[in-house]
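As provided, query-v2.txt (compact mmCIF, C-alpha atoms and all ligand atoms) reads as follows.
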# COMPACT_ATOMS: atom_id res chain seq x y z
CA PRO A 1 11.37 -12.89 -9.82
CA PHE A 2 9.87 -9.67 -11.17
CA ASN A 3 7.72 -7.25 -9.22
CA THR A 4 4.23 -7.83 -10.61
CA GLU A 5 2.49 -5.32 -8.34
CA SER A 6 3.35 -2.03 -9.94
CA LYS A 7 2.95 -1.55 -13.68
CA PRO A 8 6.25 -0.21 -15.12
CA VAL A 9 6.00 2.94 -17.23
CA ALA A 10 8.59 3.91 -19.87
CA LEU A 11 10.18 7.20 -18.80
CA LYS A 12 12.34 7.70 -21.89
CA ASP A 13 10.33 10.71 -23.07
CA THR A 14 10.56 12.53 -19.73
CA ASP A 15 13.32 14.80 -18.43
CA LEU A 16 14.76 11.72 -16.70
CA PHE A 17 16.81 11.21 -19.85
CA LYS A 18 17.81 14.81 -20.41
CA PRO A 19 21.39 15.80 -19.50
CA LEU A 20 21.90 18.02 -16.45
CA LYS A 21 24.97 19.78 -15.08
CA VAL A 22 25.73 18.63 -11.52
CA GLY A 23 28.80 20.35 -10.13
CA ASN A 24 31.60 19.76 -12.63
CA THR A 25 29.82 16.79 -14.19
CA THR A 26 27.06 16.53 -16.76
CA VAL A 27 24.82 13.53 -16.17
CA LEU A 28 23.19 11.99 -19.28
CA ASN A 29 20.29 10.59 -17.29
CA ARG A 30 18.82 11.86 -14.04
CA VAL A 31 18.65 8.49 -12.28
CA VAL A 32 20.85 8.50 -9.16
CA LEU A 33 22.15 5.56 -7.15
CA PRO A 34 21.55 6.98 -3.64
CA PRO A 35 23.73 6.12 -0.62
CA LEU A 36 22.94 2.50 0.29
CA THR A 37 24.72 0.90 3.20
CA ARG A 38 25.35 -2.76 2.38
CA MET A 39 27.58 -3.89 5.29
CA ARG A 40 30.03 -5.85 3.12
CA ALA A 41 33.24 -4.04 4.17
CA HIS A 42 36.01 -6.13 5.74
CA TYR A 43 36.49 -6.02 9.51
CA PRO A 44 38.94 -5.13 10.96
CA GLY A 45 39.91 -2.25 8.76
CA ASN A 46 36.54 -1.05 7.42
CA VAL A 47 37.91 -1.76 3.90
CA PRO A 48 35.52 -1.93 0.93
CA ASN A 49 35.06 -5.60 0.08
CA ARG A 50 37.97 -6.61 -2.18
CA ASP A 51 36.00 -9.45 -3.82
CA TRP A 52 32.61 -7.91 -4.57
CA THR A 53 32.37 -4.13 -4.15
CA LEU A 54 34.14 -3.25 -7.42
CA GLU A 55 31.71 -5.51 -9.29
CA TYR A 56 28.72 -4.03 -7.42
CA TYR A 57 29.53 -0.44 -8.45
CA ASP A 58 30.69 -1.51 -11.94
CA GLN A 59 27.32 -3.16 -12.60
CA ARG A 60 25.41 -0.04 -11.48
CA SER A 61 27.51 2.47 -13.42
CA LYS A 62 27.41 0.72 -16.82
CA ARG A 63 24.97 3.21 -18.32
CA PRO A 64 27.24 6.15 -19.34
CA GLY A 65 26.52 9.44 -17.61
CA THR A 66 24.88 8.03 -14.47
CA MET A 67 25.46 9.63 -11.04
CA LEU A 68 26.29 7.29 -8.18
CA ILE A 69 26.49 8.27 -4.54
CA THR A 70 28.38 5.63 -2.59
CA GLU A 71 27.19 3.92 0.56
CA GLY A 72 27.99 5.91 3.69
CA VAL A 73 31.76 6.17 4.22
CA PHE A 74 33.46 7.07 7.54
CA PRO A 75 36.01 9.92 7.31
CA SER A 76 37.75 8.71 10.49
CA ALA A 77 37.69 5.80 12.97
CA LYS A 78 35.78 7.77 15.59
CA ALA A 79 33.18 8.72 12.97
CA GLY A 80 32.32 5.05 12.60
CA GLY A 81 31.07 2.30 14.85
CA TYR A 82 29.76 -0.30 12.39
CA ASP A 83 32.29 -3.07 11.78
CA ASN A 84 31.25 -3.85 8.19
CA ALA A 85 30.78 -0.32 6.83
CA PRO A 86 33.70 1.23 4.91
CA GLY A 87 35.94 4.17 5.70
CA ILE A 88 38.07 6.47 3.61
CA TRP A 89 40.69 7.47 6.18
CA THR A 90 43.42 4.82 5.66
CA GLU A 91 45.65 4.06 2.65
CA GLU A 92 44.26 0.50 2.61
CA GLN A 93 40.70 1.82 2.22
CA MET A 94 41.70 4.45 -0.34
CA VAL A 95 43.44 1.88 -2.56
CA GLU A 96 40.13 0.00 -2.90
CA TRP A 97 38.07 3.16 -3.43
CA LYS A 98 40.45 4.36 -6.15
CA LYS A 99 39.90 1.11 -8.08
CA ILE A 100 36.14 1.51 -7.71
CA PHE A 101 36.11 5.19 -8.72
CA ASP A 102 38.34 4.44 -11.72
CA LYS A 103 35.96 1.72 -12.86
CA ILE A 104 32.94 4.04 -12.55
CA HIS A 105 34.78 6.64 -14.65
CA GLU A 106 35.76 3.94 -17.17
CA ASN A 107 32.00 3.45 -17.58
CA GLU A 108 31.77 7.23 -18.12
CA SER A 109 29.67 7.63 -14.98
CA PHE A 110 30.22 9.76 -11.88
CA VAL A 111 30.79 9.03 -8.21
CA TRP A 112 30.17 11.00 -5.02
CA PRO A 113 31.14 9.29 -1.73
CA GLN A 114 28.75 10.02 1.13
CA LEU A 115 30.66 11.20 4.24
CA TRP A 116 28.97 9.60 7.26
CA VAL A 117 29.47 10.22 10.97
CA LEU A 118 27.28 7.97 13.14
CA GLY A 119 27.09 9.71 16.52
CA ARG A 120 24.66 7.91 18.82
CA GLU A 121 23.59 5.53 16.06
CA ALA A 122 26.96 3.80 16.32
CA ASP A 123 27.23 0.41 17.97
CA PRO A 124 28.48 1.29 21.46
CA LEU A 125 30.01 -2.17 21.88
CA SER A 126 32.15 -1.65 18.78
CA LEU A 127 33.28 1.76 20.02
CA ALA A 128 34.00 0.51 23.55
CA ARG A 129 36.07 -2.38 22.10
CA ASP A 130 38.13 0.13 20.10
CA GLY A 131 38.50 2.59 22.98
CA LEU A 132 36.48 5.24 21.15
CA ARG A 133 33.90 7.66 22.55
CA TYR A 134 30.16 7.19 22.06
CA ASP A 135 29.34 10.69 20.79
CA SER A 136 26.19 12.71 20.19
CA ALA A 137 24.90 16.27 20.62
CA SER A 138 24.18 15.79 24.33
CA ASP A 139 25.12 13.55 27.25
CA ASN A 140 22.88 10.51 27.72
CA VAL A 141 19.93 11.51 25.56
CA TRP A 142 19.37 7.88 24.64
CA ARG A 143 17.73 6.69 21.42
CA THR A 144 15.82 3.97 23.24
CA LYS A 145 15.82 2.21 26.61
CA GLU A 146 17.52 -0.78 24.94
CA ALA A 147 20.28 1.42 23.51
CA GLU A 148 20.86 2.89 26.98
CA GLU A 149 21.08 -0.55 28.58
CA GLU A 150 23.37 -1.86 25.83
CA ALA A 151 25.74 1.09 26.19
CA LYS A 152 25.81 0.92 29.98
CA LYS A 153 26.46 -2.83 29.82
CA ALA A 154 29.45 -1.99 27.59
CA GLY A 155 30.48 0.55 30.21
CA ILE A 156 30.26 3.43 27.75
CA GLU A 157 28.29 6.62 28.39
CA GLN A 158 26.88 8.75 25.58
CA HIS A 159 28.98 11.89 25.39
CA GLY A 160 27.77 15.35 24.30
CA ILE A 161 30.75 16.49 22.26
CA THR A 162 32.62 19.64 23.24
CA LYS A 163 33.25 22.56 20.90
CA ASP A 164 36.81 21.35 20.37
CA GLU A 165 35.52 17.88 19.48
CA ILE A 166 33.09 19.49 17.00
CA LYS A 167 36.06 21.25 15.42
CA GLN A 168 37.90 17.90 15.25
CA TYR A 169 34.94 16.28 13.49
CA ILE A 170 34.92 19.13 10.99
CA LYS A 171 38.59 18.35 10.31
CA ASP A 172 37.61 14.68 9.81
CA TYR A 173 34.98 15.67 7.23
CA VAL A 174 37.59 17.81 5.44
CA GLN A 175 40.11 14.95 5.47
CA GLY A 176 37.47 12.55 4.19
CA ALA A 177 36.62 14.96 1.38
CA ARG A 178 40.26 15.45 0.43
CA ASN A 179 40.84 11.68 0.45
CA SER A 180 37.75 11.19 -1.73
CA ILE A 181 38.96 13.70 -4.30
CA LYS A 182 42.44 12.17 -4.14
CA CYS A 183 40.88 8.79 -5.00
CA GLY A 184 39.22 10.42 -8.02
CA ALA A 185 35.71 11.20 -6.77
CA ASP A 186 33.69 13.88 -8.59
CA GLY A 187 32.60 15.34 -5.26
CA ILE A 188 31.13 14.28 -1.91
CA GLU A 189 27.73 14.20 -0.20
CA ILE A 190 27.49 15.38 3.41
CA HIS A 191 25.18 13.02 5.30
CA ALA A 192 22.95 15.27 7.44
CA ALA A 193 19.98 12.86 7.39
CA ASN A 194 18.65 9.62 8.86
CA GLY A 195 19.44 10.24 12.51
CA TYR A 196 23.25 10.38 12.31
CA LEU A 197 25.46 12.92 14.02
CA LEU A 198 24.51 16.08 12.08
CA ASN A 199 20.83 15.11 12.30
CA GLN A 200 21.28 14.59 16.06
CA PHE A 201 22.34 18.24 16.26
CA LEU A 202 19.52 19.48 14.02
CA ASP A 203 16.77 17.71 15.97
CA PRO A 204 15.63 19.05 19.38
CA VAL A 205 14.74 15.48 20.41
CA SER A 206 18.47 14.65 20.61
CA ASN A 207 20.06 18.11 20.94
CA LYS A 208 19.56 19.45 24.48
CA ARG A 209 22.63 21.69 24.37
CA THR A 210 22.65 25.13 25.98
CA ASP A 211 25.69 26.48 24.09
CA GLU A 212 25.72 28.04 20.60
CA TYR A 213 25.05 24.63 19.04
CA GLY A 214 21.68 24.16 20.75
CA GLY A 215 18.54 25.84 22.02
CA SER A 216 17.28 27.34 18.74
CA ILE A 217 16.82 26.40 15.08
CA LYS A 218 19.76 28.65 14.16
CA ASN A 219 22.01 27.07 16.79
CA ARG A 220 21.00 23.50 16.01
CA ALA A 221 21.85 24.10 12.33
CA CYS A 222 25.25 25.60 13.14
CA PHE A 223 27.31 22.38 13.05
CA THR A 224 25.85 21.31 9.69
CA LEU A 225 26.53 24.72 8.16
CA GLU A 226 30.07 24.78 9.56
CA VAL A 227 30.71 21.43 7.88
CA VAL A 228 29.32 22.82 4.60
CA ASP A 229 31.57 25.89 4.79
CA ALA A 230 34.68 23.89 5.71
CA LEU A 231 34.16 21.49 2.79
CA VAL A 232 33.43 24.31 0.33
CA ASP A 233 36.71 25.94 1.43
CA ALA A 234 38.57 22.63 1.13
CA ILE A 235 37.34 21.21 -2.20
CA GLY A 236 35.02 23.83 -3.75
CA GLU A 237 31.23 24.26 -3.70
CA ASP A 238 30.79 22.39 -7.01
CA LYS A 239 32.13 19.24 -5.34
CA VAL A 240 29.87 19.39 -2.29
CA GLY A 241 26.31 18.09 -1.93
CA ILE A 242 24.24 17.50 1.18
CA ARG A 243 21.52 15.01 2.14
CA LEU A 244 18.58 16.09 4.33
CA ALA A 245 15.62 13.99 5.53
CA PRO A 246 12.97 16.32 7.00
CA TYR A 247 10.58 13.49 7.84
CA ASN A 248 13.07 10.87 8.89
CA THR A 249 12.41 8.82 12.04
CA ASN A 250 15.41 6.48 11.65
CA GLY A 251 17.66 6.72 14.69
CA ASP A 252 14.63 7.82 16.74
CA MET A 253 14.50 11.29 15.25
CA SER A 254 11.35 13.37 15.51
CA GLY A 255 10.16 12.95 11.94
CA SER A 256 6.81 14.69 11.54
CA TRP A 257 5.42 14.23 15.01
CA ASP A 258 7.12 17.48 16.05
CA PRO A 259 5.82 20.03 13.51
CA THR A 260 8.59 22.49 14.45
CA VAL A 261 11.31 20.12 13.19
CA PHE A 262 10.30 20.84 9.62
CA ALA A 263 11.29 24.50 10.01
CA HIS A 264 14.91 23.44 10.62
CA TYR A 265 15.15 22.21 7.04
CA ALA A 266 13.64 25.37 5.60
CA TYR A 267 16.22 27.30 7.60
CA VAL A 268 19.17 25.18 6.44
CA LEU A 269 17.98 25.37 2.80
CA GLY A 270 17.61 29.13 3.17
CA LYS A 271 21.15 29.45 4.49
CA LEU A 272 22.43 27.28 1.60
CA GLU A 273 20.55 29.48 -0.91
CA LYS A 274 22.01 32.63 0.65
CA ARG A 275 25.50 31.12 0.26
CA ALA A 276 24.58 30.26 -3.33
CA GLN A 277 23.51 33.83 -4.04
CA ALA A 278 26.85 34.96 -2.62
CA GLY A 279 28.55 32.82 -5.27
CA LYS A 280 28.91 29.49 -3.43
CA ARG A 281 26.14 27.24 -4.78
CA LEU A 282 26.47 23.60 -3.70
CA ALA A 283 26.36 20.97 -6.45
CA PHE A 284 23.07 19.57 -5.12
CA VAL A 285 20.68 19.16 -2.22
CA HIS A 286 19.48 15.58 -1.78
CA ILE A 287 16.08 15.20 -0.11
CA PHE A 288 14.68 11.98 1.35
CA GLU A 289 10.93 11.95 0.58
CA PRO A 290 8.23 11.45 3.25
CA ARG A 291 7.14 8.21 1.57
CA VAL A 292 10.14 6.71 3.34
CA SER A 293 10.50 7.77 6.96
CA ASN A 294 12.52 4.73 7.97
CA PRO A 295 14.63 2.43 5.77
CA TRP A 296 13.52 -0.60 7.74
CA ASP A 297 9.92 -0.13 6.67
CA ASN A 298 8.40 -2.00 3.76
CA GLU A 299 7.10 0.03 0.83
CA GLY A 300 4.35 2.37 1.93
CA ASP A 301 4.71 1.57 5.65
CA GLY A 302 5.63 4.55 7.77
CA ALA A 303 4.99 6.95 4.90
CA TYR A 304 4.03 10.43 6.09
CA ASN A 305 1.12 11.59 3.94
CA GLY A 306 0.56 14.82 5.83
CA GLY A 307 3.10 16.83 3.89
CA THR A 308 5.53 16.97 0.99
CA THR A 309 8.99 18.31 0.29
CA ASP A 310 7.80 20.43 -2.65
CA TYR A 311 8.57 23.52 -0.54
CA VAL A 312 12.27 22.81 -1.17
CA TYR A 313 11.88 24.50 -4.57
CA SER A 314 10.50 27.62 -2.92
CA ILE A 315 13.79 28.10 -1.14
CA TRP A 316 16.62 26.21 -2.91
CA LYS A 317 17.09 27.16 -6.58
CA GLY A 318 19.85 24.69 -7.36
CA VAL A 319 19.95 21.01 -8.29
CA VAL A 320 17.69 18.74 -6.23
CA ILE A 321 17.85 14.95 -5.86
CA ARG A 322 14.61 13.39 -4.57
CA THR A 323 14.66 9.82 -3.26
CA GLY A 324 12.02 7.62 -1.70
CA ASN A 325 9.81 4.86 -3.06
CA LEU A 326 9.81 6.08 -6.65
CA ALA A 327 10.44 2.82 -8.51
CA ILE A 328 6.91 1.56 -7.78
CA HIS A 329 5.39 5.02 -8.25
CA PRO A 330 6.32 6.06 -11.82
CA GLU A 331 3.43 8.52 -11.78
CA ILE A 332 5.08 10.38 -8.87
CA ALA A 333 8.43 10.25 -10.66
CA LYS A 334 6.83 11.89 -13.72
CA GLU A 335 5.30 14.55 -11.47
CA PHE A 336 8.67 15.27 -9.82
CA LEU A 337 10.38 15.51 -13.21
CA LYS A 338 8.22 18.50 -14.11
CA GLN A 339 10.35 20.53 -11.68
CA PRO A 340 13.61 21.86 -13.19
CA ASN A 341 17.07 20.68 -12.05
CA THR A 342 15.64 17.51 -10.52
CA LEU A 343 17.31 14.09 -10.32
CA LEU A 344 15.62 11.01 -8.89
CA GLY A 345 17.27 8.58 -6.48
CA TYR A 346 16.18 4.93 -6.62
CA GLY A 347 17.48 2.91 -3.69
CA ARG A 348 16.07 -0.54 -3.05
CA TYR A 349 15.29 -1.24 -6.70
CA PHE A 350 18.81 -0.20 -7.77
CA ILE A 351 20.01 -2.89 -5.36
CA SER A 352 18.04 -5.56 -7.25
CA ASN A 353 18.30 -4.08 -10.77
CA PRO A 354 21.89 -3.35 -11.83
CA ASP A 355 20.47 -2.12 -15.17
CA LEU A 356 17.77 0.00 -13.51
CA VAL A 357 18.41 2.97 -15.82
CA ASP A 358 17.62 0.90 -18.92
CA ARG A 359 14.54 -0.58 -17.26
CA LEU A 360 13.16 2.83 -16.27
CA GLU A 361 13.81 4.12 -19.79
CA LYS A 362 11.94 1.25 -21.43
CA GLY A 363 9.34 0.53 -18.74
CA LEU A 364 10.66 -3.01 -18.19
CA PRO A 365 9.60 -5.12 -15.20
CA LEU A 366 11.83 -4.83 -12.12
CA ASN A 367 13.56 -7.62 -10.18
CA LEU A 368 12.20 -7.87 -6.66
CA TYR A 369 14.81 -7.30 -3.98
CA ASP A 370 15.70 -9.61 -1.12
CA ARG A 371 15.52 -7.46 2.02
CA PRO A 372 17.20 -9.93 4.40
CA ARG A 373 20.30 -9.64 2.21
CA PHE A 374 20.47 -5.82 2.24
CA TYR A 375 22.98 -5.79 5.10
CA ALA A 376 24.23 -9.39 5.12
CA MET A 377 27.85 -10.34 4.39
CA PRO A 378 27.81 -12.87 1.53
CA ASP A 379 27.83 -11.81 -2.11
CA LYS A 380 24.32 -13.24 -2.53
CA GLY A 381 21.88 -10.36 -2.89
CA TYR A 382 24.77 -8.03 -3.70
CA ILE A 383 26.26 -8.75 -7.13
CA ASP A 384 24.09 -11.68 -8.30
CA TYR A 385 20.94 -9.81 -9.40
CA PRO A 386 20.42 -10.37 -13.17
CA THR A 387 20.03 -7.72 -15.84
CA TYR A 388 16.71 -7.83 -17.67
CA ASP A 389 18.16 -9.89 -20.54
CA GLU A 390 19.79 -12.32 -18.11
CA ALA A 391 16.51 -12.63 -16.19
CA ILE A 392 14.57 -13.42 -19.38
CA LYS A 393 17.21 -16.03 -20.33
CA MET A 394 16.73 -17.55 -16.86
CA GLY A 395 13.02 -17.82 -17.61
CA TRP A 396 11.80 -15.02 -15.34
CA GLY A 397 8.66 -13.12 -16.34
C1 LIG B 1 24.53 5.50 5.05
O1 LIG B 1 23.43 6.26 5.39
C2 LIG B 1 22.32 5.76 5.94
O2 LIG B 1 21.42 6.52 6.10
C3 LIG B 1 22.27 4.35 6.33
C4 LIG B 1 21.13 3.85 6.89
C5 LIG B 1 20.00 4.59 7.09
N1 LIG B 1 19.03 5.15 7.28
C6 LIG B 1 21.08 2.47 7.34
C7 LIG B 1 19.86 1.88 7.49
C8 LIG B 1 19.78 0.57 7.89
C9 LIG B 1 20.93 -0.17 8.17
C10 LIG B 1 22.15 0.44 8.02
C11 LIG B 1 22.23 1.77 7.62

Representation of the structure as structure tokens:
Amino acid sequence: PFNTESKPVALKDTDLFKPLKVGNTTVLNRVVLPPLTRMRAHYPGNVPNRDWTLEYYDQRSKRPGTMLITEGVFPSAKAGGYDNAPGIWTEEQMVEWKKIFDKIHENESFVWPQLWVLGREADPLSLARDGLRYDSASDNVWRTKEAEEEAKKAGIEQHGITKDEIKQYIKDYVQGARNSIKCGADGIEIHAANGYLLNQFLDPVSNKRTDEYGGSIKNRACFTLEVVDALVDAIGEDKVGIRLAPYNTNGDMSGSWDPTVFAHYAYVLGKLEKRAQAGKRLAFVHIFEPRVSNPWDNEGDGAYNGGTTDYVYSIWKGVVIRTGNLAIHPEIAKEFLKQPNTLLGYGRYFISNPDLVDRLEKGLPLNLYDRPRFYAMPDKGYIDYPTYDEAIKMGWG
């Protein structure tokens, strides 16, 4: 069925449909498929689903010149810890990704895998089973009491990674980036948001280190910036983007309740802008908006209304992607589009509307999504959402 709550607004006359250079690509519309974990990868092997994933990305890249960021992708086994999320570290995985990337390019669209390292958000049982460490910024700074009990039951302690292990993770990111480019990707997105490993270093709630990776904003940002620099060296700044979520609470991060956390993002953006002014401008910075502080929330729940991310433009002068509850707020989308170099990510409604770009252009009603099937295995709720024309033929509306 269609969403009948929010009144769709045609955005064809806004900058949403003006081309924009992003790295070495030129998008023809500024709608972005943001990184959406769907938990359909095969286990064991963390291989993108051979039956459905090609179709899923094909459907969402049909509109020529659209930018897609893939679901989070592990650059190594130890970076993972979710059985049904995909990796890009084995030949088996890369074979599937190459087919998917080729299909997206056949549709004249672009693809940026999101490199994802879980840290303490991993499933400790999965890691213990595979003889892998349960890593984070610090020893035993548990997300929740339940997480602590679950890990201890699995006989696995949370391990604050050493400097050598940090260096190894940086190598994993580089390998993941090289593999992505080898499979034909247009670039990669570094996942430094949503409570995963890099966010665990950025946030004082999880980073209790006393070495040069903790104890100050500068130190807590060090790992993220080292990853940025290593990837820029490896594949070039125009193939590297980064995702930041200043207000995120997913993974039991501080979000806005610690007002000093916000300053970390201003600092990181400032360091990225300084690198840009020295000739190394990243392809984009991707910001998760405060309207979504946790992906488990329903629309509007958990939104932080005490601040915005508009300050990003005061610091970062490059391309910005802004994501978070925009599909049902076209008036906010229009406001955002007044800023230059801005692309808009649409997550949940891109799940349920394969032809979202056309619908936003024309102001067509949107298919409602089926939340229980966001992270469920079958193909239902993955590749069976109708286009607008198909929905009308089926008597929707
Ligand atoms: C892939 O990057 C993410 O940020 C993934 C999630 C978040 N936040 C996520 C949320 C719910 C279930 C699985 C992954």

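Atom pair atom CA of A:Met253 / atom CA of A:Arg322: separated by 19.9 Å.
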
Closest to A:Glu55 among A:Gly302, A:Gly307, A:Gly318, A:Pro354, using all atoms listed in the file?
-> A:Pro354

Select, counting all atoms listed in the file, all protein, DNA and RNA residues no farther than 10 Å from (25.6, 27.9, 9.7) in file coordinates, and express the selection as an NGL selection string.
-> :A and (213 or 218-229 or 267-268 or 271-272 or 275)

Test item: residues no farther than 10 Å from ligand LIG 1 (chain B), counting only C-alpha atoms and all ligand atoms, as a ChimeraX atom specification = /A:34-39,70-74,82,85,114-118,121,191-196,243,245,248-251,288,292-297,374-375

Using all atoms listed in the file, which of the listed residues (A:Arg209, A:Lys163, A:His105, A:His42) sits closest to A:Arg60?
->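 Of A:Arg209, A:Lys163, A:His105, A:His42, the one nearest A:Arg60, counting all atoms listed in the file, is A:His105.
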
Between A:Ile235, A:Pro1, A:Ser136, A:Asn298, single out the one closest to A:Lys280, counting only C-alpha atoms.
-> A:Ile235

Which is closest to A:Glu299 among A:Tyr382, A:Phe201, A:Trp52, A:Tyr349, if we use only C-alpha atoms?
->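 The closest residue to A:Glu299 is A:Tyr349.
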
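Among the candidate residues A:Val357, A:Leu68, A:Phe2, A:Ala147, the one lying nearest to A:Asp370 is A:Phe2, with distances computed using all atoms listed in the file.
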
Within 12 Å of A:Tyr311, counting all atoms listed in the file, which residues show up once you throw out same-chain ones fewer than 5 positions away? Write them as a PyMOL selection string, please.
-> chain A and resi 246+262-263+265-267+269-270+287+289+316-317+320+339
